[in-house]
$ cat structure_17.tsv   # TSV, C-alpha atoms and all ligand atoms
chain	number	residue	atom	x	y	z
A	1	MET	CA	-1.84	15.53	-12.85
A	2	GLN	CA	1.94	15.99	-12.71
A	3	GLY	CA	3.33	15.86	-9.21
A	4	ILE	CA	1.20	12.97	-7.95
A	5	ASP	CA	2.46	9.56	-6.83
A	6	LEU	CA	-0.10	7.26	-5.20
A	7	HIS	CA	1.95	4.06	-4.84
A	8	THR	CA	5.26	4.15	-2.93
A	9	HIS	CA	7.14	2.03	-0.38
A	10	SER	CA	9.32	3.02	2.57
A	11	ASN	CA	11.50	0.81	4.76
A	12	ILE	CA	8.40	0.05	6.82
A	13	SER	CA	8.02	-2.59	4.09
A	14	ASP	CA	10.38	-3.32	1.18
A	15	GLY	CA	11.47	0.18	0.20
A	16	THR	CA	14.92	1.44	1.20
A	17	LEU	CA	14.11	5.05	2.22
A	18	SER	CA	12.68	5.79	5.66
A	19	PRO	CA	9.29	7.56	5.59
A	20	GLU	CA	11.16	10.77	6.43
A	21	GLN	CA	13.65	10.34	3.57
A	22	LEU	CA	10.81	9.46	1.20
A	23	VAL	CA	8.98	12.70	2.05
A	24	HIS	CA	12.11	14.76	1.38
A	25	ALA	CA	12.81	12.89	-1.87
A	26	ALA	CA	9.22	13.58	-3.00
A	27	VAL	CA	9.54	17.31	-2.33
A	28	GLU	CA	12.81	17.40	-4.28
A	29	LYS	CA	11.03	15.74	-7.22
A	30	GLY	CA	8.31	18.42	-7.18
A	31	ILE	CA	5.64	16.00	-5.99
A	32	HIS	CA	2.72	17.71	-4.22
A	33	THR	CA	0.52	14.68	-3.47
A	34	LEU	CA	2.12	11.48	-2.16
A	35	ALA	CA	0.56	8.28	-0.86
A	36	LEU	CA	2.77	6.02	1.26
A	37	THR	CA	1.51	2.51	0.50
A	38	ASP	CA	3.64	0.00	2.38
A	39	HIS	CA	2.71	-3.69	2.26
A	40	ASP	CA	0.00	-4.42	4.86
A	41	SER	CA	1.15	-1.60	7.14
A	42	MET	CA	0.26	2.02	7.84
A	43	ASP	CA	3.00	2.37	10.46
A	44	GLY	CA	4.95	4.96	8.44
A	45	LEU	CA	2.03	7.32	7.96
A	46	LYS	CA	2.32	9.42	11.15
A	47	ILE	CA	6.03	10.12	10.59
A	48	ALA	CA	5.43	11.05	6.95
A	49	GLU	CA	2.53	13.35	7.89
A	50	ASN	CA	4.52	15.05	10.64
A	51	ILE	CA	7.53	15.73	8.42
A	52	ALA	CA	5.35	16.92	5.53
A	53	GLN	CA	3.46	19.43	7.68
A	54	ALA	CA	6.17	22.03	7.20
A	55	LEU	CA	6.61	21.19	3.50
A	56	PRO	CA	4.65	21.80	0.27
A	57	LEU	CA	3.49	18.17	0.22
A	58	ASN	CA	0.12	16.59	0.85
A	59	ILE	CA	0.35	13.08	2.34
A	60	ILE	CA	-2.49	10.71	1.45
A	61	SER	CA	-2.97	7.78	3.84
A	62	GLY	CA	-2.39	4.49	2.07
A	63	VAL	CA	-1.52	0.82	2.29
A	64	GLU	CA	-1.02	-2.01	-0.24
A	65	ILE	CA	-3.05	-4.97	0.96
A	66	SER	CA	-2.05	-8.55	0.10
A	67	SER	CA	-5.38	-9.98	-0.96
A	68	GLN	CA	-6.51	-13.02	-2.93
A	69	TRP	CA	-9.26	-14.13	-5.31
A	70	SER	CA	-10.21	-17.21	-7.29
A	71	ARG	CA	-12.07	-17.97	-10.49
A	72	PRO	CA	-15.19	-19.94	-9.61
A	73	ALA	CA	-14.77	-22.08	-12.73
A	74	THR	CA	-11.25	-23.29	-11.91
A	75	LYS	CA	-11.06	-22.63	-8.14
A	76	LYS	CA	-7.45	-21.62	-8.71
A	77	ASN	CA	-6.25	-19.06	-6.22
A	78	TYR	CA	-4.50	-15.84	-7.28
A	79	ALA	CA	-2.67	-13.19	-5.26
A	80	VAL	CA	-3.86	-9.63	-5.87
A	81	HIS	CA	-2.69	-6.35	-4.35
A	82	VAL	CA	-5.23	-3.71	-3.45
A	83	VAL	CA	-4.00	-0.18	-2.75
A	84	ALA	CA	-6.21	1.53	-0.18
A	85	LEU	CA	-6.14	5.33	-0.33
A	86	ASN	CA	-7.31	8.34	1.66
A	87	MET	CA	-8.94	6.60	4.64
A	88	GLN	CA	-10.94	9.10	6.67
A	89	LYS	CA	-11.83	6.63	9.45
A	90	PRO	CA	-9.03	4.02	9.32
A	91	GLU	CA	-9.96	1.92	12.39
A	92	PRO	CA	-11.63	-1.03	10.57
A	93	LEU	CA	-8.69	-1.30	8.20
A	94	LEU	CA	-6.11	-0.97	10.99
A	95	ALA	CA	-7.72	-3.92	12.81
A	96	LEU	CA	-7.52	-6.00	9.67
A	97	LEU	CA	-3.91	-5.06	9.06
A	98	GLU	CA	-2.98	-6.52	12.46
A	99	GLN	CA	-4.12	-9.92	11.13
A	100	GLN	CA	-2.29	-9.41	7.85
A	101	LYS	CA	0.90	-8.58	9.76
A	102	GLN	CA	0.66	-11.80	11.75
A	103	ILE	CA	0.19	-13.78	8.56
A	104	ARG	CA	3.24	-12.02	7.10
A	105	ALA	CA	5.42	-12.76	10.15
A	106	ILE	CA	4.47	-16.45	10.25
A	107	ARG	CA	4.90	-16.83	6.50
A	108	ALA	CA	8.43	-15.34	6.59
A	109	LYS	CA	9.48	-18.05	9.06
A	110	GLN	CA	7.79	-20.73	6.92
A	111	ILE	CA	9.66	-19.58	3.81
A	112	CYS	CA	12.99	-19.67	5.67
A	113	ASP	CA	12.17	-23.16	7.00
A	114	LEU	CA	11.46	-24.37	3.46
A	115	LEU	CA	14.78	-22.91	2.30
A	116	VAL	CA	16.82	-24.92	4.85
A	117	PRO	CA	16.92	-28.21	2.90
A	118	LEU	CA	17.47	-26.29	-0.36
A	119	ILE	CA	20.46	-24.18	0.71
A	120	GLY	CA	21.59	-26.02	3.87
A	121	GLU	CA	21.23	-22.99	6.15
A	122	ASP	CA	18.61	-21.16	8.19
A	123	ILE	CA	18.76	-17.50	7.10
A	124	TYR	CA	15.86	-16.28	9.30
A	125	ALA	CA	18.16	-14.51	11.79
A	126	ASP	CA	19.80	-12.57	8.95
A	127	VAL	CA	16.47	-11.73	7.32
A	128	ILE	CA	15.05	-10.26	10.51
A	129	THR	CA	18.00	-7.91	10.95
A	130	LYS	CA	16.86	-6.26	7.69
A	131	VAL	CA	13.60	-5.10	9.32
A	132	GLU	CA	14.99	-3.93	12.67
A	133	GLY	CA	13.69	-7.10	14.31
A	134	VAL	CA	10.04	-6.41	13.35
A	135	ALA	CA	9.02	-9.75	11.83
A	136	ASP	CA	5.72	-8.50	10.43
A	137	ARG	CA	7.60	-6.22	8.02
A	138	ILE	CA	9.41	-9.07	6.27
A	139	THR	CA	8.62	-9.35	2.57
A	140	ARG	CA	10.02	-11.77	0.03
A	141	THR	CA	12.21	-8.86	-1.16
A	142	HIS	CA	14.09	-9.06	2.18
A	143	ILE	CA	14.48	-12.81	1.85
A	144	ALA	CA	15.70	-12.42	-1.76
A	145	LYS	CA	18.26	-9.80	-0.70
A	146	THR	CA	19.55	-12.06	2.06
A	147	LEU	CA	19.95	-14.92	-0.42
A	148	VAL	CA	22.01	-12.59	-2.63
A	149	GLU	CA	24.19	-11.39	0.25
A	150	LYS	CA	24.89	-14.97	1.31
A	151	GLY	CA	25.90	-15.88	-2.22
A	152	TYR	CA	23.14	-18.40	-3.00
A	153	VAL	CA	22.03	-16.32	-6.00
A	154	SER	CA	23.56	-13.36	-7.81
A	155	ARG	CA	20.47	-11.12	-8.09
A	156	PRO	CA	17.19	-10.79	-6.15
A	157	GLN	CA	15.20	-11.76	-9.25
A	158	GLN	CA	17.14	-15.04	-9.32
A	159	ALA	CA	16.06	-15.75	-5.73
A	160	PHE	CA	12.43	-15.44	-6.84
A	161	ASP	CA	12.94	-17.54	-9.95
A	162	LYS	CA	14.87	-20.29	-8.18
A	163	TYR	CA	13.22	-20.49	-4.75
A	164	ILE	CA	10.43	-18.18	-3.63
A	165	LYS	CA	8.05	-17.36	-6.47
A	166	GLU	CA	4.85	-19.28	-7.07
A	167	GLY	CA	5.55	-22.84	-8.13
A	168	LYS	CA	9.02	-22.93	-6.52
A	169	LYS	CA	9.91	-25.07	-3.51
A	170	ALA	CA	10.12	-22.30	-0.93
A	171	TYR	CA	6.97	-20.49	-2.10
A	172	VAL	CA	4.38	-19.86	0.58
A	173	LYS	CA	1.15	-18.26	-0.51
A	174	PHE	CA	0.03	-15.17	1.41
A	175	ASP	CA	-3.24	-16.40	2.91
A	176	GLY	CA	-4.69	-12.94	3.32
A	177	LEU	CA	-8.13	-11.44	3.08
A	178	GLY	CA	-10.37	-12.13	0.09
A	179	LEU	CA	-10.78	-9.44	-2.56
A	180	GLU	CA	-14.43	-8.64	-1.81
A	181	GLU	CA	-13.83	-8.37	1.94
A	182	THR	CA	-10.77	-6.19	1.35
A	183	ILE	CA	-12.81	-3.70	-0.70
A	184	GLN	CA	-15.56	-3.71	1.95
A	185	VAL	CA	-13.17	-2.91	4.79
A	186	ILE	CA	-11.56	-0.10	2.79
A	187	HIS	CA	-15.01	1.40	2.26
A	188	GLU	CA	-15.89	0.99	5.96
A	189	SER	CA	-12.72	2.97	6.58
A	190	GLN	CA	-14.00	5.62	4.18
A	191	GLY	CA	-11.15	5.09	1.76
A	192	PHE	CA	-10.85	4.18	-1.93
A	193	ALA	CA	-9.97	0.71	-3.24
A	194	VAL	CA	-7.51	0.66	-6.14
A	195	LEU	CA	-6.55	-2.49	-8.06
A	196	ALA	CA	-2.75	-2.34	-8.05
A	197	HIS	CA	-0.64	-3.07	-11.16
A	198	PRO	CA	-3.19	-5.30	-13.02
A	199	THR	CA	-0.59	-6.38	-15.57
A	200	LYS	CA	1.99	-7.55	-12.99
A	201	TYR	CA	0.38	-10.77	-11.78
A	202	ASP	CA	1.55	-13.10	-14.53
A	203	LEU	CA	-2.09	-13.49	-15.59
A	204	SER	CA	-3.34	-14.22	-19.09
A	205	ALA	CA	-5.18	-11.38	-20.86
A	206	THR	CA	-8.44	-13.24	-20.18
A	207	ASN	CA	-7.70	-13.43	-16.46
A	208	ILE	CA	-6.66	-9.77	-16.28
A	209	ARG	CA	-10.00	-8.84	-17.81
A	210	TYR	CA	-11.83	-11.16	-15.43
A	211	LEU	CA	-9.97	-9.69	-12.44
A	212	ILE	CA	-10.89	-6.12	-13.43
A	213	GLU	CA	-14.50	-7.21	-13.96
A	214	ILE	CA	-14.89	-8.81	-10.52
A	215	PHE	CA	-12.99	-5.93	-8.91
A	216	ALA	CA	-15.66	-3.62	-10.35
A	217	GLN	CA	-18.49	-5.98	-9.32
A	218	PHE	CA	-17.17	-6.06	-5.75
A	219	GLY	CA	-17.36	-2.26	-5.66
A	220	GLY	CA	-13.71	-1.39	-6.33
A	221	ASP	CA	-13.16	2.26	-7.18
A	222	ALA	CA	-10.15	2.58	-9.48
A	223	VAL	CA	-7.51	0.70	-11.45
A	224	GLU	CA	-3.85	1.64	-11.47
A	225	LEU	CA	-2.64	2.53	-14.97
A	226	PRO	CA	0.19	0.29	-16.29
A	227	PRO	CA	3.65	1.89	-16.44
A	228	ALA	CA	4.65	3.53	-19.73
A	229	ILE	CA	7.14	0.72	-20.49
A	230	GLU	CA	4.28	-1.76	-20.99
A	231	PRO	CA	3.23	-2.44	-24.61
A	232	ALA	CA	0.61	-0.04	-25.99
A	233	SER	CA	-1.74	-2.99	-26.59
A	234	THR	CA	-1.66	-3.88	-22.88
A	235	ARG	CA	-2.46	-0.31	-21.92
A	236	GLN	CA	-5.31	-0.22	-24.46
A	237	MET	CA	-6.84	-3.38	-23.02
A	238	VAL	CA	-6.73	-1.92	-19.49
A	239	ASP	CA	-8.15	1.41	-20.76
A	240	ARG	CA	-11.04	-0.44	-22.41
A	241	MET	CA	-11.87	-2.35	-19.22
A	242	ILE	CA	-11.73	0.84	-17.15
A	243	GLU	CA	-14.19	2.48	-19.53
A	244	GLN	CA	-16.48	-0.55	-19.79
A	245	PHE	CA	-16.91	-0.83	-16.02
A	246	GLY	CA	-16.97	2.89	-15.26
A	247	LEU	CA	-13.89	2.73	-13.03
A	248	LYS	CA	-11.66	5.64	-12.06
A	249	VAL	CA	-7.90	5.53	-12.53
A	250	SER	CA	-4.98	5.82	-10.15
A	251	VAL	CA	-1.34	6.65	-10.86
A	252	GLY	CA	1.68	5.49	-8.88
A	253	SER	CA	5.27	4.54	-9.53
A	254	ASP	CA	5.50	1.61	-7.05
A	255	PHE	CA	8.77	3.18	-5.93
A	256	HIS	CA	10.97	0.86	-3.79
A	257	GLY	CA	14.16	2.96	-3.50
A	258	ASP	CA	17.40	1.09	-4.22
A	259	ASN	CA	15.64	-2.27	-4.04
A	260	MET	CA	14.28	-1.50	-7.52
A	261	PRO	CA	16.57	1.27	-8.80
A	262	TRP	CA	14.93	1.33	-12.24
A	263	ILE	CA	11.67	2.68	-10.74
A	264	LYS	CA	11.81	6.45	-10.24
A	265	LEU	CA	9.72	8.27	-7.65
A	266	GLY	CA	6.98	10.29	-9.36
A	267	ASN	CA	7.36	8.48	-12.68
A	268	ILE	CA	3.73	7.82	-13.54
A	269	PRO	CA	1.90	6.94	-16.75
A	270	ARG	CA	-0.15	9.56	-18.53
A	271	VAL	CA	-3.89	9.65	-18.01
A	272	LYS	CA	-5.99	9.25	-21.13
A	273	GLU	CA	-8.55	11.87	-22.03
A	274	GLY	CA	-11.90	11.04	-20.44
A	275	GLN	CA	-10.39	9.04	-17.58
A	276	VAL	CA	-11.24	10.29	-14.11
A	277	GLY	CA	-8.47	10.32	-11.51
A	278	ILE	CA	-9.30	8.88	-8.08
A	279	TRP	CA	-7.39	11.84	-6.58
A	280	GLU	CA	-10.21	14.13	-7.74
A	281	SER	CA	-12.35	12.45	-5.07
A	282	PHE	CA	-9.89	13.10	-2.21
A	283	VAL	CA	-11.18	15.46	0.47
B	1	LIG	P1	5.50	-10.39	-0.44
B	1	LIG	O1	4.44	-9.35	-0.18
B	1	LIG	O2	6.23	-10.79	0.80
B	1	LIG	O3	4.97	-11.56	-1.22
B	1	LIG	O4	6.59	-9.68	-1.32
B	1	LIG	C1	6.14	-9.11	-2.47
B	1	LIG	C2	7.20	-8.18	-3.03
B	1	LIG	O5	8.24	-8.93	-3.62
B	1	LIG	C3	6.57	-7.38	-4.15
B	1	LIG	O6	6.05	-6.18	-3.66
B	1	LIG	C4	7.73	-7.11	-5.04
B	1	LIG	O7	8.40	-5.98	-4.52
B	1	LIG	C5	8.60	-8.34	-4.87
B	1	LIG	N1	8.34	-9.38	-5.90
B	1	LIG	C6	7.26	-10.17	-6.04
B	1	LIG	N2	7.39	-11.03	-7.05
B	1	LIG	C7	8.60	-10.80	-7.58
B	1	LIG	C8	9.34	-11.35	-8.67
B	1	LIG	N3	8.85	-12.36	-9.40
B	1	LIG	N4	10.54	-10.84	-8.90
B	1	LIG	C9	11.06	-9.83	-8.16
B	1	LIG	N5	10.42	-9.26	-7.14
B	1	LIG	C10	9.21	-9.73	-6.85
B	2	MN	MN	7.15	-4.58	-2.74
B	3	MN	MN	2.28	-4.94	-5.41
B	4	MN	MN	3.81	-1.86	-4.32

$ encode --input "structure_17.tsv" --output "structure tokens"
Amino acid sequence: MQGIDLHTHSNISDGTLSPEQLVHAAVEKGIHTLALTDHDSMDGLKIAENIAQALPLNIISGVEISSQWSRPATKKNYAVHVVALNMQKPEPLLALLEQQKQIRAIRAKQICDLLVPLIGEDIYADVITKVEGVADRITRTHIAKTLVEKGYVSRPQQAFDKYIKEGKKAYVKFDGLGLEETIQVIHESQGFAVLAHPTKYDLSATNIRYLIEIFAQFGGDAVELPPAIEPASTRQMVDRMIEQFGLKVSVGSDFHGDNMPWIKLGNIPRVKEGQVGIWESFV
């Protein structure tokens, strides 16, 4: 199980390494199986595959999809990230990602527009230089970094807390595909649907459990194990849900390069005895 990382970002989304640099970094770390899972984009895959051909590294096709779900009882809407892995016939998913990219591009402009009365400046032109002019790659990480560079906040986290996270004035929800539909399209593309970082959505324990339950009901395949820094009780709760619903597990670092320097490539949690890794199903 060592040497696997199934959740990583390149500069096709909000990582700082190019797909090529990421591949070389993975080989240096002794990783043999790497999934590149940029936000709503598979545009880095071909480059990564080409570079890895001559190297002892197996590239798994991947993408982290910005999805959403709601509790019927409350109708409240929640963002959820689904990592799609190992697509054998990616066309249905690629078509869907074109829509997601458009949503992302429009939303980036909306966030910048909402920031104007708050900071007294339109930073959109600066934000777009961070993604080589490709608007559909803009994430809130890029907007946060721009706010730091321009001196409106001192750290990216502060940009989220003050302006762009849920509940703040420049927050714009990502109106992406629903959870059930996301899982369906991944399966049409002959890939596996993984619930990304279940403990990172600011959800109550009850809502985390509910999310894992509906993810399983909708046909989801695996749940990403929480990082080792999470409390043991959190991990135990996730382990129990995985067992109860017969889900497989996935492991990934959610590496973002220097944008999140505390996350190390290939640093994955340990798999508990009895848990079945989704990678065992890869062809
Ligand atoms: P987006 O997909 O545009 O909403 O951007 C999401 C990315 O922003 C995530 O993948 C994280 O890398 C980062 N992010 C989201 N929420 C926060 C937060 N509260 N603090 C710091 N970074 C965050
Ligand atoms: Mn990210
Ligand atoms: Mn995520
Ligand atoms: Mn991620």

$ residues_around --input "structure_17.tsv" --residues "Asn86 of chain A" --least-positions-apart "3" --cutoff "8 Å" --atoms "only C-alpha atoms" --output "list in words"
Ile60, Ser61, Gly62, Gln190, Gly191, Phe192 and Phe282 of chain A

$ residues_near_ligand --input "structure_17.tsv" --ligand "ligand MN 4 (chain B)" --cutoff "10 Å" --atoms "all atoms listed in the file" --output "list in words"
Leu6, His7, Thr8, His9, Ser13, Asp14, Gly15, Leu36, Thr37, Asp38, His39, Val63, Glu64, Ile65, Ser66, His81, Val82, Val83, Ala196, His197, Gly252, Ser253, Asp254, Phe255 and His256 of chain A

$ write_last_selection --input "structure_17.tsv" --atoms "C-alpha atoms" --output "PDB file, in the coordinates of the input"
ATOM      1  CA  LEU A   6      -0.100   7.260  -5.200  1.00  0.00           C
ATOM      2  CA  HIS A   7       1.950   4.060  -4.840  1.00  0.00           C
ATOM      3  CA  THR A   8       5.260   4.150  -2.930  1.00  0.00           C
ATOM      4  CA  HIS A   9       7.140   2.030  -0.380  1.00  0.00           C
ATOM      5  CA  SER A  13       8.020  -2.590   4.090  1.00  0.00           C
ATOM      6  CA  ASP A  14      10.380  -3.320   1.180  1.00  0.00           C
ATOM      7  CA  GLY A  15      11.470   0.180   0.200  1.00  0.00           C
ATOM      8  CA  LEU A  36       2.770   6.020   1.260  1.00  0.00           C
ATOM      9  CA  THR A  37       1.510   2.510   0.500  1.00  0.00           C
ATOM     10  CA  ASP A  38       3.640   0.000   2.380  1.00  0.00           C
ATOM     11  CA  HIS A  39       2.710  -3.690   2.260  1.00  0.00           C
ATOM     12  CA  VAL A  63      -1.520   0.820   2.290  1.00  0.00           C
ATOM     13  CA  GLU A  64      -1.020  -2.010  -0.240  1.00  0.00           C
ATOM     14  CA  ILE A  65      -3.050  -4.970   0.960  1.00  0.00           C
ATOM     15  CA  SER A  66      -2.050  -8.550   0.100  1.00  0.00           C
ATOM     16  CA  HIS A  81      -2.690  -6.350  -4.350  1.00  0.00           C
ATOM     17  CA  VAL A  82      -5.230  -3.710  -3.450  1.00  0.00           C
ATOM     18  CA  VAL A  83      -4.000  -0.180  -2.750  1.00  0.00           C
ATOM     19  CA  ALA A 196      -2.750  -2.340  -8.050  1.00  0.00           C
ATOM     20  CA  HIS A 197      -0.640  -3.070 -11.160  1.00  0.00           C
ATOM     21  CA  GLY A 252       1.680   5.490  -8.880  1.00  0.00           C
ATOM     22  CA  SER A 253       5.270   4.540  -9.530  1.00  0.00           C
ATOM     23  CA  ASP A 254       5.500   1.610  -7.050  1.00  0.00           C
ATOM     24  CA  PHE A 255       8.770   3.180  -5.930  1.00  0.00           C
ATOM     25  CA  HIS A 256      10.970   0.860  -3.790  1.00  0.00           C
TER      26      HIS A 256
END

$ closest_residue --input "structure_17.tsv" --among "A:Thr129, A:Thr141, A:Ser154, A:Asn77" --to "ligand LIG 1 (chain B)" --atoms "all atoms listed in the file"
A:Thr141

$ atom_distance --input "structure_17.tsv" --atom1 "atom CA of Ile51 of chain A" --atom2 "atom CA of Asn267 of chain A"
22.3 Å

$ residues_near_ligand --input "structure_17.tsv" --ligand "ligand LIG 1 (chain B)" --cutoff "8 Å" --atoms "all atoms listed in the file" --output "PDB file with C-alpha atoms, in the frame of the given file"
ATOM      1  CA  ASP A  14      10.380  -3.320   1.180  1.00  0.00           C
ATOM      2  CA  HIS A  39       2.710  -3.690   2.260  1.00  0.00           C
ATOM      3  CA  SER A  66      -2.050  -8.550   0.100  1.00  0.00           C
ATOM      4  CA  ARG A 104       3.240 -12.020   7.100  1.00  0.00           C
ATOM      5  CA  ALA A 108       8.430 -15.340   6.590  1.00  0.00           C
ATOM      6  CA  ILE A 138       9.410  -9.070   6.270  1.00  0.00           C
ATOM      7  CA  THR A 139       8.620  -9.350   2.570  1.00  0.00           C
ATOM      8  CA  ARG A 140      10.020 -11.770   0.030  1.00  0.00           C
ATOM      9  CA  THR A 141      12.210  -8.860  -1.160  1.00  0.00           C
ATOM     10  CA  PRO A 156      17.190 -10.790  -6.150  1.00  0.00           C
ATOM     11  CA  GLN A 157      15.200 -11.760  -9.250  1.00  0.00           C
ATOM     12  CA  GLN A 158      17.140 -15.040  -9.320  1.00  0.00           C
ATOM     13  CA  PHE A 160      12.430 -15.440  -6.840  1.00  0.00           C
ATOM     14  CA  ASP A 161      12.940 -17.540  -9.950  1.00  0.00           C
ATOM     15  CA  LYS A 165       8.050 -17.360  -6.470  1.00  0.00           C
ATOM     16  CA  LYS A 173       1.150 -18.260  -0.510  1.00  0.00           C
ATOM     17  CA  PHE A 174       0.030 -15.170   1.410  1.00  0.00           C
ATOM     18  CA  HIS A 256      10.970   0.860  -3.790  1.00  0.00           C
ATOM     19  CA  MET A 260      14.280  -1.500  -7.520  1.00  0.00           C
TER      20      MET A 260
END

$ axis_aligned_box --input "structure_17.tsv" --around "segment 1-16 of chain A" --padding-each-side "8 Å" --output "AutoDock Vina command-line options"
--center_x 6.5 --center_y 6.3 --center_z -3.0 --size_x 32.8 --size_y 35.3 --size_z 35.7

$ residues_near_point --input "structure_17.tsv" --point "(24.3, -19.4, -1.4)" --cutoff "12 Å" --atoms "all atoms listed in the file" --output "PyMOL selection string"
chain A and resi 115-116+118-123+144-155+158-159+162-163

$ residues_around --input "structure_17.tsv" --residues "Gln68 of chain A" --least-positions-apart "4" --cutoff "9 Å" --atoms "only C-alpha atoms" --output "number ranges by chain"
A: 77-81, 174-179

$ atom_distance --input "structure_17.tsv" --atom1 "atom CA of Lys101 of chain A" --atom2 "atom CA of Ser67 of chain A"
12.5 Å

$ atom_distance --input "structure_17.tsv" --atom1 "atom CA of Val27 of chain A" --atom2 "atom CA of Leu57 of chain A"
6.6 Å

$ residues_around --input "structure_17.tsv" --residues "segment 224-235 of chain A" --least-positions-apart "4" --cutoff "12 Å" --atoms "all atoms listed in the file" --output "mmCIF file with C-alpha atoms, keeping the file's coordinate frame"
data_model
loop_
_atom_site.group_PDB
_atom_site.id
_atom_site.type_symbol
_atom_site.label_atom_id
_atom_site.label_comp_id
_atom_site.auth_asym_id
_atom_site.auth_seq_id
_atom_site.Cartn_x
_atom_site.Cartn_y
_atom_site.Cartn_z
ATOM 1 C CA ASP A 5 2.460 9.560 -6.830
ATOM 2 C CA LEU A 6 -0.100 7.260 -5.200
ATOM 3 C CA HIS A 7 1.950 4.060 -4.840
ATOM 4 C CA HIS A 81 -2.690 -6.350 -4.350
ATOM 5 C CA VAL A 82 -5.230 -3.710 -3.450
ATOM 6 C CA VAL A 83 -4.000 -0.180 -2.750
ATOM 7 C CA ALA A 84 -6.210 1.530 -0.180
ATOM 8 C CA LEU A 85 -6.140 5.330 -0.330
ATOM 9 C CA ALA A 193 -9.970 0.710 -3.240
ATOM 10 C CA VAL A 194 -7.510 0.660 -6.140
ATOM 11 C CA LEU A 195 -6.550 -2.490 -8.060
ATOM 12 C CA ALA A 196 -2.750 -2.340 -8.050
ATOM 13 C CA HIS A 197 -0.640 -3.070 -11.160
ATOM 14 C CA PRO A 198 -3.190 -5.300 -13.020
ATOM 15 C CA THR A 199 -0.590 -6.380 -15.570
ATOM 16 C CA LYS A 200 1.990 -7.550 -12.990
ATOM 17 C CA TYR A 201 0.380 -10.770 -11.780
ATOM 18 C CA SER A 204 -3.340 -14.220 -19.090
ATOM 19 C CA ALA A 205 -5.180 -11.380 -20.860
ATOM 20 C CA THR A 206 -8.440 -13.240 -20.180
ATOM 21 C CA ILE A 208 -6.660 -9.770 -16.280
ATOM 22 C CA ARG A 209 -10.000 -8.840 -17.810
ATOM 23 C CA ILE A 212 -10.890 -6.120 -13.430
ATOM 24 C CA GLY A 220 -13.710 -1.390 -6.330
ATOM 25 C CA ASP A 239 -8.150 1.410 -20.760
ATOM 26 C CA ARG A 240 -11.040 -0.440 -22.410
ATOM 27 C CA MET A 241 -11.870 -2.350 -19.220
ATOM 28 C CA ILE A 242 -11.730 0.840 -17.150
ATOM 29 C CA LEU A 247 -13.890 2.730 -13.030
ATOM 30 C CA LYS A 248 -11.660 5.640 -12.060
ATOM 31 C CA VAL A 249 -7.900 5.530 -12.530
ATOM 32 C CA SER A 250 -4.980 5.820 -10.150
ATOM 33 C CA VAL A 251 -1.340 6.650 -10.860
ATOM 34 C CA GLY A 252 1.680 5.490 -8.880
ATOM 35 C CA SER A 253 5.270 4.540 -9.530
ATOM 36 C CA ASP A 254 5.500 1.610 -7.050
ATOM 37 C CA PHE A 255 8.770 3.180 -5.930
ATOM 38 C CA TRP A 262 14.930 1.330 -12.240
ATOM 39 C CA ILE A 263 11.670 2.680 -10.740
ATOM 40 C CA LYS A 264 11.810 6.450 -10.240
ATOM 41 C CA GLY A 266 6.980 10.290 -9.360
ATOM 42 C CA ASN A 267 7.360 8.480 -12.680
ATOM 43 C CA ILE A 268 3.730 7.820 -13.540
ATOM 44 C CA PRO A 269 1.900 6.940 -16.750
ATOM 45 C CA ARG A 270 -0.150 9.560 -18.530
ATOM 46 C CA VAL A 271 -3.890 9.650 -18.010
ATOM 47 C CA LYS A 272 -5.990 9.250 -21.130
ATOM 48 C CA GLN A 275 -10.390 9.040 -17.580
ATOM 49 C CA VAL A 276 -11.240 10.290 -14.110
ATOM 50 C CA GLY A 277 -8.470 10.320 -11.510
ATOM 51 C CA ILE A 278 -9.300 8.880 -8.080
ATOM 52 C CA TRP A 279 -7.390 11.840 -6.580
#

$ closest_residue --input "structure_17.tsv" --among "A:Lys46, A:His142, A:Lys89, A:Lys130" --to "ligand MN 2 (chain B)" --atoms "all atoms listed in the file"
A:His142
